[in-house]
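Pasted below: protein_35.txt, compact mmCIF, C-alpha atoms.
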```txt
# COMPACT_ATOMS: atom_id res chain seq x y z
CA MET J 26 70.91 137.77 122.15
CA ALA J 27 69.21 134.92 120.38
CA SER J 28 67.06 135.93 117.44
CA ILE J 29 63.30 135.86 117.99
CA LEU J 30 62.69 135.70 114.25
CA PRO J 31 61.70 132.37 112.79
CA SER J 32 64.44 130.52 110.94
CA PRO J 33 64.21 131.11 107.19
CA ARG J 34 62.97 128.10 105.30
CA ALA J 35 64.58 127.32 102.00
CA ASP J 36 62.38 127.70 99.02
CA ALA J 37 61.97 124.24 97.60
CA SER J 38 62.31 125.69 94.13
CA THR J 39 65.80 127.06 94.90
CA GLU J 40 67.23 124.02 96.70
CA VAL J 41 70.16 122.37 94.95
CA PRO J 42 69.90 118.60 95.13
CA ARG J 43 72.90 116.87 96.63
CA LYS J 44 74.77 114.44 94.45
CA ALA J 45 74.56 110.94 95.78
CA ARG J 46 77.98 109.50 96.66
CA PRO J 47 78.81 106.49 94.52
CA ARG J 48 78.25 103.30 96.45
CA LEU J 49 81.34 101.12 96.46
CA SER J 50 81.38 97.36 96.69
CA GLY J 51 82.82 95.87 99.85
CA ALA J 52 86.07 94.99 98.07
CA ASP J 53 86.40 98.48 96.54
CA ARG J 54 85.69 100.15 99.87
CA ARG J 55 88.28 97.96 101.58
CA MET J 56 90.83 98.90 98.91
CA SER J 57 90.03 102.62 99.28
CA ILE J 58 90.76 102.31 103.01
CA VAL J 59 94.06 100.54 102.30
CA VAL J 60 95.10 103.26 99.82
CA ALA J 61 94.26 106.01 102.32
CA ALA J 62 96.02 104.14 105.13
CA LYS J 63 99.16 103.75 103.01
CA SER J 64 99.44 107.52 102.71
CA VAL J 65 98.83 108.09 106.44
CA PHE J 66 101.28 105.38 107.53
CA ALA J 67 103.90 106.70 105.09
CA THR J 68 103.56 110.22 106.51
CA SER J 69 103.07 109.49 110.22
CA GLY J 70 104.61 106.05 110.72
CA TYR J 71 102.83 103.15 112.40
CA ASP J 72 102.87 104.59 115.92
CA GLY J 73 101.89 108.10 114.83
CA ALA J 74 99.03 107.06 112.54
CA LYS J 75 95.55 107.17 114.05
CA THR J 76 92.60 105.18 112.75
CA GLN J 77 90.49 108.35 112.78
CA GLN J 78 93.05 109.99 110.47
CA ILE J 79 92.80 107.02 108.13
CA ALA J 80 88.99 107.09 108.23
CA THR J 81 88.99 110.80 107.37
CA ALA J 82 91.45 110.28 104.51
CA ALA J 83 89.28 107.45 103.16
CA GLY J 84 86.06 109.47 103.57
CA VAL J 85 84.46 106.90 105.88
CA SER J 86 83.68 106.54 109.56
CA GLU J 87 86.15 105.01 111.98
CA ALA J 88 83.57 102.31 112.70
CA LEU J 89 83.60 101.31 109.03
CA VAL J 90 87.40 101.02 109.11
CA TYR J 91 87.07 98.55 111.99
CA ARG J 92 84.33 96.69 110.14
CA HIS J 93 86.88 95.85 107.43
CA PHE J 94 89.97 95.55 109.65
CA PRO J 95 89.78 94.33 113.27
CA SER J 96 92.82 96.37 114.35
CA LYS J 97 95.35 98.95 113.21
CA ALA J 98 97.92 96.17 112.99
CA ALA J 99 95.69 94.20 110.59
CA LEU J 100 95.25 97.30 108.43
CA TYR J 101 99.01 97.91 108.45
CA ARG J 102 99.63 94.35 107.25
CA ALA J 103 97.16 94.92 104.40
CA VAL J 104 99.05 98.10 103.46
CA LEU J 105 102.37 96.24 103.42
CA ARG J 106 100.89 93.56 101.16
CA ARG J 107 99.70 96.32 98.82
CA VAL J 108 103.18 97.86 98.74
CA ILE J 109 104.68 94.48 97.84
CA GLN J 110 102.25 94.23 94.90
CA GLU J 111 103.37 97.67 93.73
CA GLN J 112 106.98 96.54 94.08
CA ASP J 113 106.28 93.79 91.54
CA ALA J 114 105.30 96.40 88.95
CA VAL J 115 108.42 98.49 89.64
CA MET J 116 110.62 95.39 89.41
CA ALA J 117 109.05 94.36 86.10
CA ASP J 118 109.95 97.75 84.62
CA ALA J 119 113.42 97.67 86.16
CA LEU J 120 114.18 94.34 84.45
CA ALA J 121 113.17 95.50 80.95
CA PHE J 122 116.75 95.74 79.66
CA GLU J 123 119.10 93.43 77.82
CA ALA J 124 121.61 91.37 79.79
CA SER J 125 124.78 93.28 78.81
CA GLY J 126 126.88 96.30 79.68
CA VAL J 127 124.59 98.50 77.62
CA GLY J 128 121.64 97.07 79.54
CA LEU J 129 123.30 97.80 82.89
CA VAL J 130 123.79 101.47 81.95
CA GLU J 131 120.16 101.57 80.84
CA MET J 132 119.14 100.08 84.20
CA VAL J 133 121.07 102.78 86.05
CA LEU J 134 119.50 105.48 83.87
CA ARG J 135 115.99 104.19 84.57
CA SER J 136 116.68 103.95 88.28
CA VAL J 137 117.99 107.52 88.49
CA ARG J 138 115.13 108.90 86.38
CA HIS J 139 112.67 107.16 88.67
CA ALA J 140 114.44 108.56 91.74
CA ILE J 141 114.28 112.21 90.65
CA GLU J 142 110.49 111.96 90.48
CA GLY J 143 110.52 112.05 94.28
CA ALA J 144 106.97 112.08 95.66
CA ARG J 145 105.58 111.62 92.12
CA ALA J 146 107.23 108.22 91.77
CA SER J 147 104.84 105.27 91.67
CA ASN J 148 106.42 103.70 94.77
CA ALA J 149 107.03 106.92 96.76
CA GLU J 150 104.81 106.03 99.72
CA GLY J 151 106.11 102.47 99.70
CA MET J 152 109.68 103.74 99.98
CA GLN J 153 108.68 105.96 102.90
CA LEU J 154 107.41 102.83 104.65
CA VAL J 155 110.70 101.05 103.89
CA TYR J 156 112.75 103.93 105.31
CA GLY J 157 110.46 104.07 108.34
CA SER J 158 111.19 100.39 108.89
CA LEU J 159 114.94 101.00 108.56
CA ALA J 160 114.67 103.58 111.33
CA ALA J 161 112.77 101.08 113.52
CA ASP J 162 113.40 97.32 113.76
CA GLY J 163 114.10 96.82 110.04
CA GLY J 164 111.79 93.81 109.75
CA TYR J 165 109.68 95.04 106.86
CA ALA J 166 112.64 96.61 105.02
CA ARG J 167 114.50 93.30 105.29
CA LEU J 168 111.55 91.51 103.71
CA VAL J 169 111.33 94.05 100.85
CA TYR J 170 115.05 93.97 100.06
CA ARG J 171 115.28 90.18 100.17
CA ARG J 172 112.28 89.84 97.89
CA ALA J 173 113.58 92.45 95.45
CA ARG J 174 116.96 90.73 95.26
CA ARG J 175 115.30 87.38 94.62
CA LEU J 176 113.34 88.91 91.72
CA VAL J 177 116.16 90.81 90.00
CA LEU J 178 119.36 88.94 90.88
CA PRO J 179 119.29 86.30 88.08
CA HIS J 180 118.96 88.94 85.36
CA ILE J 181 121.54 91.27 86.91
CA ARG J 182 123.99 88.38 87.30
CA LYS J 183 123.56 87.46 83.64
CA ALA J 184 124.13 91.10 82.61
CA VAL J 185 127.27 91.41 84.77
CA ASP J 186 128.72 88.16 83.39
CA ARG J 187 128.09 89.31 79.80
CA ALA J 188 129.54 92.77 80.49
CA VAL J 189 132.71 91.23 81.97
CA ALA J 190 133.04 88.87 78.98
CA ASP J 191 132.60 91.79 76.54
CA GLY J 192 135.10 93.98 78.39
CA ASP J 193 132.43 96.51 79.38
CA ILE J 194 133.12 95.90 83.08
CA THR J 195 136.82 96.20 83.70
CA THR J 196 136.85 95.44 87.43
CA PRO J 197 134.62 92.48 88.41
CA ILE J 198 131.90 93.15 90.99
CA SER J 199 129.28 90.88 92.51
CA ALA J 200 125.80 91.11 91.02
CA GLU J 201 124.45 91.43 94.55
CA ASN J 202 126.38 94.66 95.13
CA VAL J 203 125.38 96.07 91.75
CA ILE J 204 121.80 95.84 93.05
CA ASN J 205 122.69 97.08 96.54
CA PHE J 206 124.79 100.10 95.57
CA VAL J 207 122.53 101.39 92.78
CA GLU J 208 119.44 100.98 94.99
CA HIS J 209 121.02 102.69 97.99
CA ILE J 210 122.01 105.77 95.99
CA THR J 211 118.84 106.11 93.93
CA SER J 212 116.42 105.47 96.78
CA MET J 213 118.16 108.11 98.88
CA ILE J 214 117.88 110.60 96.01
CA GLN J 215 114.17 109.77 95.77
CA MET J 216 113.63 110.31 99.48
CA ALA J 217 115.58 113.58 99.43
CA LYS J 218 113.39 114.91 96.59
CA ARG J 219 110.03 113.77 97.96
CA ALA J 220 109.16 117.01 99.79
CA ASP J 221 107.74 120.12 98.11
CA ARG J 222 110.96 121.82 99.12
CA PRO J 223 113.83 119.39 98.33
CA ILE J 224 115.64 118.18 101.42
CA VAL J 225 119.05 118.02 99.70
CA ASP J 226 120.26 120.88 97.51
CA TYR J 227 121.52 119.20 94.33
CA PRO J 228 123.30 121.77 92.12
CA GLY J 229 121.94 122.22 88.60
CA ASP J 230 118.72 120.96 87.07
CA ASP J 231 117.35 117.42 86.83
CA ALA J 232 119.33 116.69 83.65
CA ALA J 233 122.56 117.56 85.45
CA LEU J 234 121.58 115.41 88.42
CA VAL J 235 120.79 112.46 86.16
CA THR J 236 124.10 112.82 84.32
CA GLU J 237 126.21 112.97 87.47
CA ALA J 238 124.32 110.25 89.34
CA VAL J 239 124.49 107.88 86.36
CA ARG J 240 128.23 108.49 85.97
CA PHE J 241 128.77 107.91 89.69
CA CYS J 242 126.76 104.68 89.83
CA ALA J 243 127.87 103.23 86.50
CA ARG J 244 131.55 103.95 87.07
CA GLY J 245 131.18 102.64 90.61
CA ILE J 246 130.08 99.23 89.37
CA GLY J 247 133.02 99.15 86.94
CA LEU J 248 131.42 100.03 83.59
CA ARG J 249 133.61 101.62 80.90
CA ALA J 250 133.54 105.42 80.75
CA GLN J 251 133.19 105.40 76.95
CA LEU J 252 130.10 103.19 77.13
CA ILE J 253 128.55 105.38 79.84
CA GLU J 254 129.10 108.60 77.88
CA GLN J 255 127.75 107.00 74.70
CA MET J 256 124.55 106.00 76.52
CA LEU J 257 124.21 109.38 78.23
CA SER J 258 124.51 111.34 75.00
CA ALA J 259 121.81 109.19 73.42
CA GLU J 260 119.44 109.01 76.37
CA LEU J 261 119.58 112.32 78.23
CA THR J 262 117.81 114.17 75.43
CA GLN J 263 114.65 112.63 76.94
CA ILE J 264 115.09 114.51 80.23
CA GLU J 265 112.89 117.61 80.34
CA PRO J 266 114.40 120.69 81.99
CA ALA J 267 113.09 121.35 85.52
CA ASP J 268 110.64 124.22 85.94
CA SER J 269 112.37 127.40 87.05
```
Can I see the file as structure tokens?
Amino acid sequence: MASILPSPRADASTEVPRKARPRLSGADRRMSIVVAAKSVFATSGYDGAKTQQIATAAGVSEALVYRHFPSKAALYRAVLRRVIQEQDAVMADALAFEASGVGLVEMVLRSVRHAIEGARASNAEGMQLVYGSLAADGGYARLVYRRARRLVLPHIRKAVDRAVADGDITTPISAENVINFVEHITSMIQMAKRADRPIVDYPGDDAALVTEAVRFCARGIGLRAQLIEQMLSAELTQIEPADS
């Protein structure tokens, strides 16, 4: 039965004023929508993502999403451009090593360390989009891989040539496949560790995983075992044990 008592009125003296939401500029609001959409597209894929989901994640109305982006496809393109910008930052860090055998081991170490961060990695959502593309028509993944190779190939080629000349690489390998093989292994590790509950059961802790993955990759591209072990003993002290 509906109550016949009058609705209680709040005492003005006890009302808590609501905090006004910060007003974003048009550019900042657009970027906040792109950031939210990146997460939704990474989780649900292009077909599964709904604009209402994206609006909710961004804290705006669906109408406001369409005010900034005329269609879901236009928003998706903006997300892909954002991911490419993030790729530039990852590539800049990846290239911060000397062009030598020592530098190549350092590159492998950095790549594996980045991979074990899983969902915490700076490019985690971007890699989910790449893997989603690989499972579909591959168009976007092809663009990302071609662009990455164009950015890193000159430095990797110089490092491989120097390592061969110094005797640090005993079996010559193309610079292109140094990039391909290390990326394939490390990106798959990253994807396998992105969930709260790891998808692949890697024995041991993160330090053990780094050690074994670095040995596998570095030996696979022909680097000397002595050089690899020397770098591992010096560098792996920086790996913090995983929480039990």
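Picture a line from atom CA of J:Ala98 to atom CA of J:Tyr170; it runs 21.6 Å.
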task: List the neighbours of J:His180 out to 12 Å using all atoms listed in the file; skip same-chain residues closer than 5 positions along the sequence, and give me the result as number ranges by chain.
output: J: 116-117, 119-125, 128-129, 132, 173-175, 185-187, 200-201, 203-204
- line: Shortest contact to J:Ala188, candidates J:Gly247, J:Gly70, J:Pro228, J:Gly51, atoms counted only C-alpha atoms, goes to J:Gly247
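Atom CA of J:Val130 is positioned 19.0 Å from atom CA of J:Glu142.
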Determine, counting only C-alpha atoms, which protein, DNA and RNA residues have an atom within 12 Å of an atom of J:Phe94; residues of the same chain fewer than 5 positions away are not included. Present the result as a PDB file with C-alpha atoms, in the coordinates of the input.
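Everything below was put into out_39.pdb:
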```pdb
ATOM      1  CA  ARG J  54      85.690 100.150  99.870  1.00  0.00           C
ATOM      2  CA  ARG J  55      88.280  97.960 101.580  1.00  0.00           C
ATOM      3  CA  MET J  56      90.830  98.900  98.910  1.00  0.00           C
ATOM      4  CA  ILE J  58      90.760 102.310 103.010  1.00  0.00           C
ATOM      5  CA  VAL J  59      94.060 100.540 102.300  1.00  0.00           C
ATOM      6  CA  ALA J  62      96.020 104.140 105.130  1.00  0.00           C
ATOM      7  CA  THR J  76      92.600 105.180 112.750  1.00  0.00           C
ATOM      8  CA  ILE J  79      92.800 107.020 108.130  1.00  0.00           C
ATOM      9  CA  ALA J  80      88.990 107.090 108.230  1.00  0.00           C
ATOM     10  CA  GLU J  87      86.150 105.010 111.980  1.00  0.00           C
ATOM     11  CA  ALA J  88      83.570 102.310 112.700  1.00  0.00           C
ATOM     12  CA  LEU J  89      83.600 101.310 109.030  1.00  0.00           C
ATOM     13  CA  ALA J  99      95.690  94.200 110.590  1.00  0.00           C
ATOM     14  CA  LEU J 100      95.250  97.300 108.430  1.00  0.00           C
ATOM     15  CA  TYR J 101      99.010  97.910 108.450  1.00  0.00           C
ATOM     16  CA  ARG J 102      99.630  94.350 107.250  1.00  0.00           C
ATOM     17  CA  ALA J 103      97.160  94.920 104.400  1.00  0.00           C
ATOM     18  CA  VAL J 104      99.050  98.100 103.460  1.00  0.00           C
TER      19      VAL J 104
END
```
task: Tell me, in Å to one decimal, how far atom CA of J:Ser147 is from atom CA of J:Val235.
output: 18.3 Å
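In this comparison, which uses all atoms listed in the file, the residue of J:Val115, J:Val225, J:Ala232, J:Ala190 approaching J:Val177 most closely is J:Val115.
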task: Identify, on the basis of only C-alpha atoms, every residue whose closest approach to J:Val207 does not exceed 8 Å; exclude the query and any residue fewer than 4 positions from it along the same chain; express the result as a ChimeraX atom specification.
output: /J:133,136,203,211,242
query: Between J:Val65, J:Lys183, J:Lys97, J:Gln153, which has the minimum distance to J:Ala83 (counting all atoms listed in the file)?
result: J:Val65
query: For J:Arg249, which residue among J:Pro197, J:Gly229, J:Gly143, J:Gly151 is the nearest when counting all atoms listed in the file?
result: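 Residue with the minimum atom-to-atom distance to J:Arg249: J:Pro197.
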